[in-house]
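Asks: What follows is query-v8.txt, made up of compact mmCIF, C-alpha atoms:
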# COMPACT_ATOMS: atom_id res chain seq x y z
CA MET A 296 133.16 44.25 -2.93
CA LYS A 297 133.54 40.71 -1.58
CA ALA A 298 137.32 41.04 -1.38
CA TRP A 299 137.04 44.33 0.50
CA SER A 300 134.55 42.73 2.90
CA LEU A 301 136.90 39.85 3.58
CA LEU A 302 139.75 42.28 4.17
CA LEU A 303 137.64 44.24 6.65
CA VAL A 304 136.62 41.03 8.44
CA LEU A 305 140.26 39.99 8.73
CA LEU A 306 141.19 43.44 10.01
CA VAL A 307 138.56 43.07 12.73
CA ALA A 308 139.44 39.46 13.49
CA LEU A 309 143.11 40.17 14.06
CA PRO A 310 142.72 42.49 17.07
CA LEU A 311 140.06 40.15 18.46
CA VAL A 312 142.49 37.22 18.35
CA VAL A 313 145.22 39.34 19.89
CA GLY A 314 142.72 40.44 22.52
CA VAL A 315 141.74 36.95 23.67
CA VAL A 316 145.27 35.51 23.73
CA ASN A 317 145.89 36.72 27.27
CA LEU A 318 142.40 36.08 28.62
CA PRO A 319 142.08 33.27 31.17
CA THR A 320 140.82 30.04 29.63
CA HIS A 321 137.18 29.18 30.06
CA ASP A 322 136.38 27.07 33.12
CA ALA A 323 139.44 28.39 34.97
CA PRO A 324 138.45 28.79 38.64
CA ASP A 325 140.87 31.67 39.19
CA ALA A 326 139.47 33.87 36.41
CA PRO A 327 138.51 37.39 37.57
CA ILE A 328 134.84 36.58 37.01
CA HIS A 329 135.06 34.00 39.81
CA THR A 330 136.97 36.21 42.22
CA GLY A 331 135.04 39.49 41.88
CA VAL A 332 131.64 40.56 43.14
CA GLY A 333 130.10 37.28 41.95
CA VAL A 334 131.65 35.53 44.94
CA ARG A 335 129.65 37.68 47.31
CA TYR A 336 126.45 37.01 45.36
CA LEU A 337 127.08 33.28 45.63
CA GLU A 338 127.85 33.48 49.34
CA ARG A 339 125.15 35.87 50.53
CA GLY A 340 122.73 36.08 47.61
CA VAL A 341 120.16 33.65 49.02
CA GLU A 342 120.23 35.29 52.43
CA GLU A 343 120.06 38.83 51.06
CA THR A 344 117.47 38.34 48.31
CA GLY A 345 115.57 35.25 49.45
CA ASN A 346 116.01 33.91 45.91
CA LYS A 347 117.65 30.52 45.40
CA ASN A 348 118.03 31.13 41.67
CA LEU A 349 120.90 33.59 41.77
CA VAL A 350 120.45 34.64 38.14
CA THR A 351 117.02 35.91 39.11
CA ALA A 352 118.51 37.44 42.25
CA VAL A 353 121.05 39.39 40.21
CA LEU A 354 118.46 40.31 37.61
CA LEU A 355 115.71 41.58 39.91
CA ASN A 356 117.60 42.57 43.01
CA TYR A 357 121.26 43.44 42.61
CA ARG A 358 120.82 44.71 39.06
CA GLY A 359 117.19 45.77 39.37
CA PHE A 360 117.78 49.15 37.73
CA ASP A 361 119.30 47.43 34.72
CA THR A 362 116.26 45.21 34.33
CA PHE A 363 113.88 48.13 34.89
CA PHE A 364 115.36 50.00 31.95
CA GLU A 365 115.61 46.80 29.94
CA VAL A 366 111.83 46.32 30.07
CA ILE A 367 111.47 49.99 29.12
CA VAL A 368 113.72 49.32 26.10
CA ILE A 369 111.49 46.55 24.77
CA PHE A 370 108.38 48.62 25.51
CA THR A 371 109.94 51.48 23.54
CA ALA A 372 110.70 49.08 20.68
CA LEU A 373 107.02 48.17 20.52
CA ALA A 374 106.05 51.85 20.64
CA ALA A 375 108.46 52.58 17.78
CA VAL A 376 107.10 49.73 15.67
CA LEU A 377 103.50 50.79 16.31
CA ALA A 378 104.34 54.42 15.52
CA LEU A 379 105.41 53.52 11.98
CA PRO A 380 102.64 53.76 9.39
CA ARG A 381 101.25 50.42 8.33
CA GLY A 382 103.05 49.03 5.29
CA SER A 383 100.06 47.35 3.70
CA ALA A 384 98.04 49.41 1.24
CA ALA A 385 94.80 47.92 2.59
CA ARG A 386 95.31 49.79 5.87
CA PRO A 387 93.96 53.31 6.09
CA GLY A 388 95.92 55.93 7.98
CA GLY A 389 95.22 57.03 11.51
CA PHE A 390 96.80 56.19 14.79
CA PRO A 391 98.28 52.71 15.05
CA GLU A 392 96.07 51.77 17.98
CA GLU A 393 92.94 52.69 16.02
CA ALA A 394 94.21 50.89 12.97
CA ALA A 395 94.80 47.82 15.09
CA HIS A 396 91.26 48.00 16.42
CA GLU A 397 89.93 48.16 12.90
CA ALA A 398 92.04 45.17 12.00
CA ASP A 399 90.54 43.20 14.87
CA GLY A 400 87.00 44.10 13.88
CA ALA A 401 85.29 44.31 10.52
CA GLY A 402 88.22 45.93 8.72
CA GLY A 403 90.64 43.07 9.32
CA ARG A 404 91.35 40.01 7.31
CA PRO A 405 88.68 37.42 8.07
CA ALA A 406 89.93 34.39 9.97
CA GLU A 407 88.68 32.08 7.24
CA ALA A 408 90.78 33.77 4.56
CA ALA A 409 93.76 33.78 6.88
CA ARG A 410 93.42 30.06 7.37
CA GLU A 411 93.42 29.41 3.64
CA ALA A 412 96.22 31.69 2.61
CA ASN A 413 98.43 32.79 5.43
CA GLY A 414 101.32 35.18 5.06
CA ALA A 415 102.91 34.56 1.69
CA GLY A 416 99.82 32.83 0.33
CA VAL A 417 100.93 29.37 1.39
CA PRO A 418 98.05 27.26 2.69
CA VAL A 419 98.42 26.14 6.31
CA SER A 420 99.26 22.47 6.56
CA PRO A 421 96.61 20.56 8.55
CA VAL A 422 99.41 18.72 10.36
CA VAL A 423 101.03 21.95 11.52
CA SER A 424 97.69 23.42 12.47
CA TYR A 425 96.68 20.34 14.47
CA VAL A 426 100.00 20.01 16.26
CA VAL A 427 100.13 23.70 17.18
CA ARG A 428 96.58 23.68 18.53
CA LEU A 429 97.22 20.42 20.39
CA MET A 430 100.45 21.65 21.94
CA ALA A 431 99.32 25.18 22.86
CA PRO A 432 97.91 24.27 26.32
CA PHE A 433 101.05 22.31 27.17
CA MET A 434 103.23 25.21 26.08
CA ALA A 435 101.16 27.47 28.32
CA MET A 436 101.66 25.03 31.19
CA PHE A 437 105.41 25.01 30.56
CA ALA A 438 105.48 28.80 30.56
CA LEU A 439 103.59 28.92 33.86
CA ALA A 440 105.95 26.34 35.36
CA MET A 441 108.96 28.41 34.30
CA LEU A 442 107.32 31.49 35.76
CA PHE A 443 106.29 30.10 39.14
CA ARG A 444 109.10 27.58 39.66
CA GLY A 445 111.69 30.01 38.35
CA HIS A 446 113.10 30.67 41.81
CA VAL A 447 114.31 27.07 42.29
CA THR A 448 114.71 25.80 38.72
CA PRO A 449 116.12 27.38 35.56
CA GLY A 450 113.54 29.85 34.35
CA GLY A 451 112.01 33.17 35.24
CA GLY A 452 109.98 36.01 33.86
CA PHE A 453 111.78 36.63 30.58
CA GLN A 454 111.95 32.95 29.72
CA ALA A 455 108.24 32.54 30.43
CA ALA A 456 107.58 35.64 28.32
CA ALA A 457 109.39 34.07 25.37
CA VAL A 458 107.30 30.89 25.65
CA PHE A 459 104.05 32.86 26.03
CA ALA A 460 104.97 34.83 22.92
CA ALA A 461 105.80 31.59 21.08
CA ILE A 462 102.26 30.32 21.79
CA PHE A 463 100.71 33.50 20.38
CA ILE A 464 103.00 33.47 17.34
CA ALA A 465 102.45 29.77 16.56
CA LEU A 466 98.70 30.21 16.89
CA GLY A 467 98.89 33.36 14.78
CA LEU A 468 100.56 31.40 12.01
CA VAL A 469 97.85 28.74 11.83
CA LEU A 470 94.72 30.66 12.83
CA GLY A 471 95.55 34.09 11.45
CA PRO A 472 96.60 37.15 13.47
CA ALA A 473 93.06 38.47 13.89
CA ARG A 474 91.93 35.38 15.83
CA VAL A 475 94.94 35.64 18.13
CA ALA A 476 94.41 39.35 18.72
CA GLU A 477 90.97 38.41 20.11
CA LEU A 478 92.69 36.46 22.88
CA VAL A 479 93.82 39.74 24.43
CA PRO A 480 90.81 41.93 25.25
CA ASP A 481 91.06 45.45 23.85
CA ASP A 482 90.56 47.09 27.25
CA TRP A 483 93.44 45.17 28.77
CA ARG A 484 95.85 45.47 25.88
CA PRO A 485 97.58 48.75 26.78
CA TRP A 486 97.91 47.64 30.41
CA LEU A 487 99.30 44.24 29.42
CA GLN A 488 101.75 45.77 26.97
CA GLY A 489 103.01 48.07 29.67
CA ALA A 490 102.81 45.43 32.42
CA ALA A 491 106.55 45.03 32.90
CA PRO A 492 107.52 48.71 33.32
CA LEU A 493 104.37 49.31 35.37
CA ALA A 494 105.14 46.39 37.69
CA PHE A 495 108.67 47.70 38.15
CA ALA A 496 107.43 51.22 38.86
CA LEU A 497 104.95 49.91 41.45
CA ILE A 498 107.52 47.67 43.15
CA ALA A 499 110.04 50.50 43.09
CA ALA A 500 107.53 52.75 44.83
CA ILE A 501 106.68 50.06 47.39
CA GLY A 502 110.37 49.44 47.96
CA TRP A 503 110.88 53.15 48.45
CA ARG A 504 108.12 53.23 51.04
CA LEU A 505 109.45 50.17 52.89
CA THR A 506 113.21 50.72 52.75
CA GLY A 507 113.73 54.34 51.76
CA ALA A 508 115.58 53.29 48.58
CA PHE A 509 114.16 53.34 45.06
CA LEU A 510 113.57 49.71 44.03
CA GLY A 511 114.83 48.63 47.45
CA PHE A 512 113.90 45.23 48.82
CA PRO A 513 113.40 44.76 52.57
CA THR A 514 116.27 42.40 53.45
CA ASP A 515 114.80 41.29 56.77
CA ASP A 516 111.36 40.29 55.49
CA HIS A 517 111.64 37.32 53.17
CA THR A 518 107.91 37.00 52.58
CA ALA A 519 107.66 40.58 51.33
CA GLN A 520 110.81 40.07 49.27
CA GLU A 521 109.46 36.96 47.60
CA ALA A 522 106.07 38.54 46.96
CA MET A 523 107.71 41.59 45.36
CA GLY A 524 109.99 39.38 43.25
CA LEU A 525 107.11 37.23 42.10
CA PHE A 526 105.06 40.31 41.22
CA LEU A 527 107.93 41.55 39.06
CA GLU A 528 108.29 38.16 37.39
CA VAL A 529 104.58 38.00 36.57
CA GLY A 530 104.70 41.54 35.20
CA ILE A 531 107.73 40.73 33.06
CA ALA A 532 106.21 37.48 31.79
CA LEU A 533 102.84 39.02 30.87
CA GLY A 534 104.22 42.29 29.52
CA GLY A 535 107.14 40.71 27.71
CA GLY A 536 105.01 37.97 26.20
CA VAL A 537 102.33 40.33 24.93
CA ILE A 538 104.93 42.75 23.55
CA LEU A 539 106.91 40.03 21.74
CA ALA A 540 103.74 38.54 20.27
CA ARG A 541 102.44 41.96 19.21
CA LEU A 542 105.78 42.78 17.55
CA PHE A 543 105.51 39.61 15.48
CA LEU A 544 101.83 39.90 14.61
CA GLU A 545 102.35 43.55 13.69
CA MET A 546 104.92 42.52 11.07
CA GLU A 547 102.72 39.77 9.74
CA THR A 548 99.67 41.83 8.89
CA MET B 274 140.76 22.84 24.93
CA LEU B 275 143.58 24.63 23.15
CA LEU B 276 144.04 25.29 19.45
CA PHE B 277 147.40 26.86 18.48
CA GLY B 278 147.71 28.06 22.04
CA LEU B 279 144.26 29.67 21.95
CA ASP B 280 141.18 28.56 23.86
CA LEU B 281 138.97 26.82 21.28
CA ASP B 282 135.87 28.55 22.67
CA TYR B 283 137.37 31.96 21.93
CA VAL B 284 138.36 30.87 18.43
CA LEU B 285 134.83 29.68 17.67
CA VAL B 286 133.30 32.86 19.06
CA ILE B 287 135.60 34.98 16.90
CA VAL B 288 134.80 32.88 13.83
CA LEU B 289 131.07 33.26 14.49
CA PHE B 290 131.50 37.01 14.99
CA CYS B 291 133.41 37.29 11.72
CA VAL B 292 130.77 35.29 9.83
CA GLY B 293 128.16 37.75 11.08
CA LEU B 294 130.32 40.74 10.22
CA TYR B 295 130.93 39.38 6.74
CA MET B 296 127.18 38.97 6.19
CA LEU B 297 126.62 42.49 7.47
CA VAL B 298 129.10 44.19 5.15
CA SER B 299 129.04 42.03 2.02
CA LYS B 300 125.33 41.34 1.51
CA SER B 301 123.19 43.91 -0.20
CA ASN B 302 119.86 42.50 1.05
CA LEU B 303 118.79 44.34 4.21
CA LEU B 304 117.26 41.18 5.73
CA LYS B 305 120.54 39.33 5.28
CA LYS B 306 122.38 42.25 6.85
CA LEU B 307 120.05 42.03 9.84
CA LEU B 308 120.64 38.28 10.07
CA GLY B 309 124.36 38.99 10.08
CA LEU B 310 123.90 41.44 12.92
CA ASN B 311 122.02 38.78 14.87
CA VAL B 312 124.81 36.25 14.28
CA MET B 313 127.30 38.81 15.63
CA GLU B 314 125.11 39.35 18.68
CA THR B 315 124.94 35.61 19.25
CA ALA B 316 128.73 35.44 19.19
CA VAL B 317 128.98 38.19 21.80
CA PHE B 318 126.41 36.49 24.04
CA ALA B 319 128.23 33.16 23.73
CA PHE B 320 131.48 34.88 24.66
CA ILE B 321 130.02 36.58 27.73
CA VAL B 322 127.93 33.69 29.03
CA THR B 323 130.69 31.10 28.66
CA SER B 324 133.08 33.36 30.55
CA GLY B 325 131.04 32.65 33.68
CA MET B 326 131.43 28.88 33.40
CA ILE B 327 133.73 27.06 35.79
CA GLU B 328 135.40 23.65 35.70
CA GLY B 329 132.92 21.06 37.06
CA GLY B 330 130.56 23.81 38.20
CA ASP B 331 126.84 23.66 38.93
CA PRO B 332 124.28 26.21 37.73
CA PRO B 333 123.95 29.12 40.20
CA ILE B 334 120.69 27.83 41.66
CA LEU B 335 121.38 27.03 45.30
CA VAL B 336 118.94 24.18 45.96
CA ALA B 337 119.52 20.81 47.58
CA GLY B 338 121.71 18.53 45.48
CA THR B 339 123.99 21.23 44.13
CA ALA B 340 127.43 22.07 45.44
CA ALA B 341 130.21 24.58 44.90
CA PRO B 342 131.78 25.56 42.59
CA TYR B 343 128.91 27.39 40.94
CA ALA B 344 128.95 29.15 37.58
CA SER B 345 128.93 32.92 37.98
CA PRO B 346 125.39 34.34 37.79
CA ILE B 347 126.43 37.80 36.61
CA PRO B 348 127.22 37.02 32.93
CA GLN B 349 123.96 35.09 32.62
CA ALA B 350 121.91 37.99 33.98
CA MET B 351 123.76 40.45 31.75
CA VAL B 352 123.28 38.34 28.65
CA LEU B 353 119.57 38.13 29.41
CA THR B 354 119.53 41.93 29.27
CA GLY B 355 121.53 41.82 26.05
CA ILE B 356 119.12 39.39 24.43
CA VAL B 357 116.17 41.65 25.17
CA VAL B 358 118.00 44.61 23.62
CA ALA B 359 118.90 42.45 20.59
CA VAL B 360 115.24 41.49 20.18
CA SER B 361 114.22 45.13 20.37
CA VAL B 362 116.80 46.15 17.76
CA THR B 363 115.72 43.31 15.48
CA ALA B 364 112.05 44.21 15.83
CA VAL B 365 112.54 47.88 15.00
CA ALA B 366 114.89 47.04 12.12
CA LEU B 367 112.41 44.55 10.68
CA ALA B 368 109.61 47.08 10.91
CA LEU B 369 111.77 49.63 9.08
CA ILE B 370 112.61 47.05 6.41
CA VAL B 371 108.90 46.37 5.93
CA GLN B 372 108.40 50.11 5.49
CA ILE B 373 111.26 50.34 2.99
CA HIS B 374 109.78 47.50 0.99
CA ALA B 375 106.34 49.10 1.01
CA HIS B 376 107.70 52.45 -0.18
CA PHE B 377 110.37 51.44 -2.69
CA GLY B 378 109.47 47.86 -3.62
CA THR B 379 112.96 46.57 -2.88
CA ILE B 380 115.23 45.87 0.09
CA GLU B 381 118.45 45.56 -1.90
CA VAL B 382 120.83 48.32 -0.90
CA ASP B 383 122.41 48.65 -4.35
CA GLU B 384 118.96 49.05 -5.93
CA LEU B 385 117.91 51.54 -3.26
CA LYS B 386 121.01 53.62 -4.00
CA GLU B 387 120.00 53.99 -7.65
CA LEU B 388 116.53 55.27 -6.86
CA PRO B 389 116.01 58.91 -7.76
Produce structure tokens that represent the structure in this file.
Replies:
Amino acid sequence: MKAWSLLLVLLVALPLVVGVVNLPTHDAPDAPIHTGVGVRYLERGVEETGNKNLVTAVLLNYRGFDTFFEVIVIFTALAAVLALPRGSAARPGGFPEEAAHEADGAGGRPAEAAREANGAGVPVSPVVSYVVRLMAPFMAMFALAMLFRGHVTPGGGFQAAAVFAAIFIALGLVLGPARVAELVPDDWRPWLQGAAPLAFALIAAIGWRLTGAFLGFPTDDHTAQEAMGLFLEVGIALGGGVILARLFLEMET
Amino acid sequence: MLLFGLDLDYVLVIVLFCVGLYMLVSKSNLLKKLLGLNVMETAVFAFIVTSGMIEGGDPPILVAGTAAPYASPIPQAMVLTGIVVAVSVTAVALALIVQIHAHFGTIEVDELKELP
């Protein structure tokens, strides 16, 4: 078994090595990646999108369709995970959303029990618990900075979403998932989970109205452009963060 | 940096990819297989994102204090998309593994094969 695996790996590695032999070396300024469409983005990206962070410009503007469907992909992943029946025997059947509501209320694991024996029955270390609770506000501040300064510094919606999710997950580990689920009100939850695709759909409609193109950005109005971009970023950060956190907490319970 | 006439970056990416592939095919534990898949994904992302780098380049954020040449923004944006897809795949796979464990009490492929 092991020998066959190694043979297969070698068989795959060989064409890969042959394939990269003729590629331009990394850092080479004359590589096709630096002479293709990227040149135009670097030259006119700021003027056309009003976004100094060109990664964000490519993500939201030039490749907006790509990102639209990308947020739908992660939303679909959450839907697929929620559609599976709960693994734990303690959970009755029913629709996942209802089961989740029960878990948040009386039917769920009490926060006290979660604090004593979390996950695999390992007690939560007081050091970990203290540090996580101490650092949570600063992590939130960092996420907000990445979100709202993302146009001039490294950062953006997805990065902020990952940090938001990390806060929820870290808190879920020390306080128990039920306590963390309370942080997101039940009425808002479906809207927050769908925030990213919904934001994209709304901006796409507005862009259609303003420019006549689906997901079009008005190139002559930088204020509108920036507002639309920021709206998308906030939608991605909120939606992505809630989805990532829910995915994790769903596995944990 | 060259190694036997090959760019060292490419060599390392291929090695990482092969480590992931080996985990994927040789391990019987589904979680380890999934980890292997993630290692392979990481190798692909490293390959794509480093392809946009340029000698002495700045990040593609055109603010005061930066100057040409800039790294290409396209691979970075594409890898961001790839990472989100990788997260989605991992999440669904993990959920399925949890289900498999709940139903059959094992996540070893060779044990699952012997189940009636």
Asks: Separation of CA of Leu429 (chain A) and CA of Pro480 (chain A), in Å?
Replies: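 Interatomic distance here is 23.0 Å.
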Asks: Counting all atoms listed in the file, collect the residues of chain B whose closest atom lies at most 7 Å from chain A, and write them out as a ChimeraX atom specification.
Replies: /B:279-280,283,287,291,294-295,298-299,323-328,333-336,345-347,349-350,354,357-358,361,364-365,368,371-372,375
Asks: For CA of Phe318 (chain B) and CA of Arg335 (chain A), quote the distance in Å rounded to one decimal.
Replies: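 One can read the CA of Phe318 (chain B) to CA of Arg335 (chain A) distance as 23.5 Å.
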Asks: What does the distance from CA of Phe526 (chain A) to CA of Phe495 (chain A) come to in Å, to one decimal?
Replies: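 About the pair CA of Phe526 (chain A) and CA of Phe495 (chain A): they are 8.8 Å apart.
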Asks: Scan for residues within 9 Å of the point (124.5, 38.9, 14.9) in the coordinates of the file, using all atoms listed in the file, and reply as a list in words.
Replies: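 Those residues, ordered by chain and then number, are Leu289, Phe290, Val292, Gly293, Leu294, Leu297, Lys306, Leu307, Leu308, Gly309, Leu310, Asn311, Val312, Met313, Glu314, Thr315, Ala316, Val317 and Ala359 of chain B.
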Asks: If I wrap all listed atoms of region 316-332 of chain B in a box with edges along x, y and z and add 4 Å on each side, what are its centre and edge lengths in Å to one decimal, as lines of an AutoDock Vina configuration file?
Replies:
center_x = 129.8
center_y = 29.6
center_z = 29.1
size_x = 19.1
size_y = 25.1
size_z = 27.7
Asks: Within 9 Å of Ile321 (chain B), counting only C-alpha atoms, which residues show up once you throw out same-chain ones fewer than 6 positions away? Write them as an MDAnalysis selection string, please.
Replies: chainID B and resid 348:349 351:352
Asks: Between B:Ala319, B:Val360, B:Leu281, B:Leu388, which one has atoms that come closest to Ala540 (chain A), using all atoms listed in the file?
Replies: B:Val360
Asks: Rank A:Asn356, A:Pro310, A:Ala438, A:Leu544 by their smallest atom-to-atom distance to Arg474 (chain A), using all atoms listed in the file, and report the top residue only.
Replies: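 Among A:Asn356, A:Pro310, A:Ala438, A:Leu544, it is A:Leu544 that comes nearest to Arg474 (chain A).
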Asks: Just add N, CA and C atoms to region 486-512 of chain A and send it as a PDB file, keeping the file's coordinate frame.
Replies:
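For reference, out_17.pdb as written:
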ATOM      1  N   TRP A 486      97.383  47.954  29.078  1.00  0.00           N
ATOM      2  CA  TRP A 486      97.910  47.640  30.410  1.00  0.00           C
ATOM      3  C   TRP A 486      98.833  46.429  30.339  1.00  0.00           C
ATOM      4  N   LEU A 487      98.453  45.423  29.523  1.00  0.00           N
ATOM      5  CA  LEU A 487      99.300  44.240  29.420  1.00  0.00           C
ATOM      6  C   LEU A 487     100.607  44.568  28.715  1.00  0.00           C
ATOM      7  N   GLN A 488     100.520  45.423  27.682  1.00  0.00           N
ATOM      8  CA  GLN A 488     101.750  45.770  26.970  1.00  0.00           C
ATOM      9  C   GLN A 488     102.707  46.547  27.856  1.00  0.00           C
ATOM     10  N   GLY A 489     102.146  47.321  28.767  1.00  0.00           N
ATOM     11  CA  GLY A 489     103.010  48.070  29.670  1.00  0.00           C
ATOM     12  C   GLY A 489     103.211  47.385  31.001  1.00  0.00           C
ATOM     13  N   ALA A 490     102.819  46.108  31.109  1.00  0.00           N
ATOM     14  CA  ALA A 490     102.810  45.430  32.420  1.00  0.00           C
ATOM     15  C   ALA A 490     104.176  45.422  33.074  1.00  0.00           C
ATOM     16  N   ALA A 491     105.229  45.169  32.282  1.00  0.00           N
ATOM     17  CA  ALA A 491     106.550  45.030  32.900  1.00  0.00           C
ATOM     18  C   ALA A 491     107.059  46.345  33.492  1.00  0.00           C
ATOM     19  N   PRO A 492     107.084  47.455  32.706  1.00  0.00           N
ATOM     20  CA  PRO A 492     107.520  48.710  33.320  1.00  0.00           C
ATOM     21  C   PRO A 492     106.608  49.148  34.463  1.00  0.00           C
ATOM     22  N   LEU A 493     105.293  48.896  34.317  1.00  0.00           N
ATOM     23  CA  LEU A 493     104.370  49.310  35.370  1.00  0.00           C
ATOM     24  C   LEU A 493     104.629  48.526  36.656  1.00  0.00           C
ATOM     25  N   ALA A 494     104.858  47.199  36.505  1.00  0.00           N
ATOM     26  CA  ALA A 494     105.140  46.390  37.690  1.00  0.00           C
ATOM     27  C   ALA A 494     106.405  46.885  38.372  1.00  0.00           C
ATOM     28  N   PHE A 495     107.410  47.215  37.567  1.00  0.00           N
ATOM     29  CA  PHE A 495     108.670  47.700  38.150  1.00  0.00           C
ATOM     30  C   PHE A 495     108.442  49.026  38.866  1.00  0.00           C
ATOM     31  N   ALA A 496     107.663  49.921  38.240  1.00  0.00           N
ATOM     32  CA  ALA A 496     107.430  51.220  38.860  1.00  0.00           C
ATOM     33  C   ALA A 496     106.705  51.045  40.191  1.00  0.00           C
ATOM     34  N   LEU A 497     105.712  50.137  40.210  1.00  0.00           N
ATOM     35  CA  LEU A 497     104.950  49.910  41.450  1.00  0.00           C
ATOM     36  C   LEU A 497     105.843  49.326  42.533  1.00  0.00           C
ATOM     37  N   ILE A 498     106.637  48.309  42.160  1.00  0.00           N
ATOM     38  CA  ILE A 498     107.520  47.670  43.150  1.00  0.00           C
ATOM     39  C   ILE A 498     108.573  48.667  43.629  1.00  0.00           C
ATOM     40  N   ALA A 499     109.048  49.506  42.699  1.00  0.00           N
ATOM     41  CA  ALA A 499     110.040  50.500  43.090  1.00  0.00           C
ATOM     42  C   ALA A 499     109.446  51.459  44.112  1.00  0.00           C
ATOM     43  N   ALA A 500     108.182  51.834  43.887  1.00  0.00           N
ATOM     44  CA  ALA A 500     107.530  52.750  44.830  1.00  0.00           C
ATOM     45  C   ALA A 500     107.322  52.062  46.181  1.00  0.00           C
ATOM     46  N   ILE A 501     106.881  50.796  46.136  1.00  0.00           N
ATOM     47  CA  ILE A 501     106.680  50.060  47.390  1.00  0.00           C
ATOM     48  C   ILE A 501     108.002  49.904  48.127  1.00  0.00           C
ATOM     49  N   GLY A 502     109.064  49.592  47.357  1.00  0.00           N
ATOM     50  CA  GLY A 502     110.370  49.440  47.960  1.00  0.00           C
ATOM     51  C   GLY A 502     110.844  50.744  48.597  1.00  0.00           C
ATOM     52  N   TRP A 503     110.513  51.836  47.931  1.00  0.00           N
ATOM     53  CA  TRP A 503     110.880  53.150  48.450  1.00  0.00           C
ATOM     54  C   TRP A 503     110.200  53.400  49.802  1.00  0.00           C
ATOM     55  N   ARG A 504     108.910  53.036  49.838  1.00  0.00           N
ATOM     56  CA  ARG A 504     108.120  53.230  51.040  1.00  0.00           C
ATOM     57  C   ARG A 504     108.675  52.365  52.187  1.00  0.00           C
ATOM     58  N   LEU A 505     109.047  51.118  51.845  1.00  0.00           N
ATOM     59  CA  LEU A 505     109.450  50.170  52.890  1.00  0.00           C
ATOM     60  C   LEU A 505     110.892  50.384  53.357  1.00  0.00           C
ATOM     61  N   THR A 506     111.787  50.694  52.396  1.00  0.00           N
ATOM     62  CA  THR A 506     113.210  50.720  52.750  1.00  0.00           C
ATOM     63  C   THR A 506     113.840  52.089  52.605  1.00  0.00           C
ATOM     64  N   GLY A 507     113.148  53.023  51.964  1.00  0.00           N
ATOM     65  CA  GLY A 507     113.730  54.340  51.760  1.00  0.00           C
ATOM     66  C   GLY A 507     114.637  54.415  50.545  1.00  0.00           C
ATOM     67  N   ALA A 508     114.748  53.290  49.791  1.00  0.00           N
ATOM     68  CA  ALA A 508     115.580  53.290  48.580  1.00  0.00           C
ATOM     69  C   ALA A 508     114.710  52.916  47.396  1.00  0.00           C
ATOM     70  N   PHE A 509     114.910  53.646  46.278  1.00  0.00           N
ATOM     71  CA  PHE A 509     114.160  53.340  45.060  1.00  0.00           C
ATOM     72  C   PHE A 509     114.463  51.915  44.640  1.00  0.00           C
ATOM     73  N   LEU A 510     113.423  51.115  44.418  1.00  0.00           N
ATOM     74  CA  LEU A 510     113.570  49.710  44.030  1.00  0.00           C
ATOM     75  C   LEU A 510     114.308  48.910  45.117  1.00  0.00           C
ATOM     76  N   GLY A 511     114.196  49.363  46.359  1.00  0.00           N
ATOM     77  CA  GLY A 511     114.830  48.630  47.450  1.00  0.00           C
ATOM     78  C   GLY A 511     113.965  47.460  47.882  1.00  0.00           C
ATOM     79  N   PHE A 512     114.636  46.382  48.317  1.00  0.00           N
ATOM     80  CA  PHE A 512     113.900  45.230  48.820  1.00  0.00           C
ATOM     81  C   PHE A 512     114.180  45.120  50.318  1.00  0.00           C
TER      82      PHE A 512
END
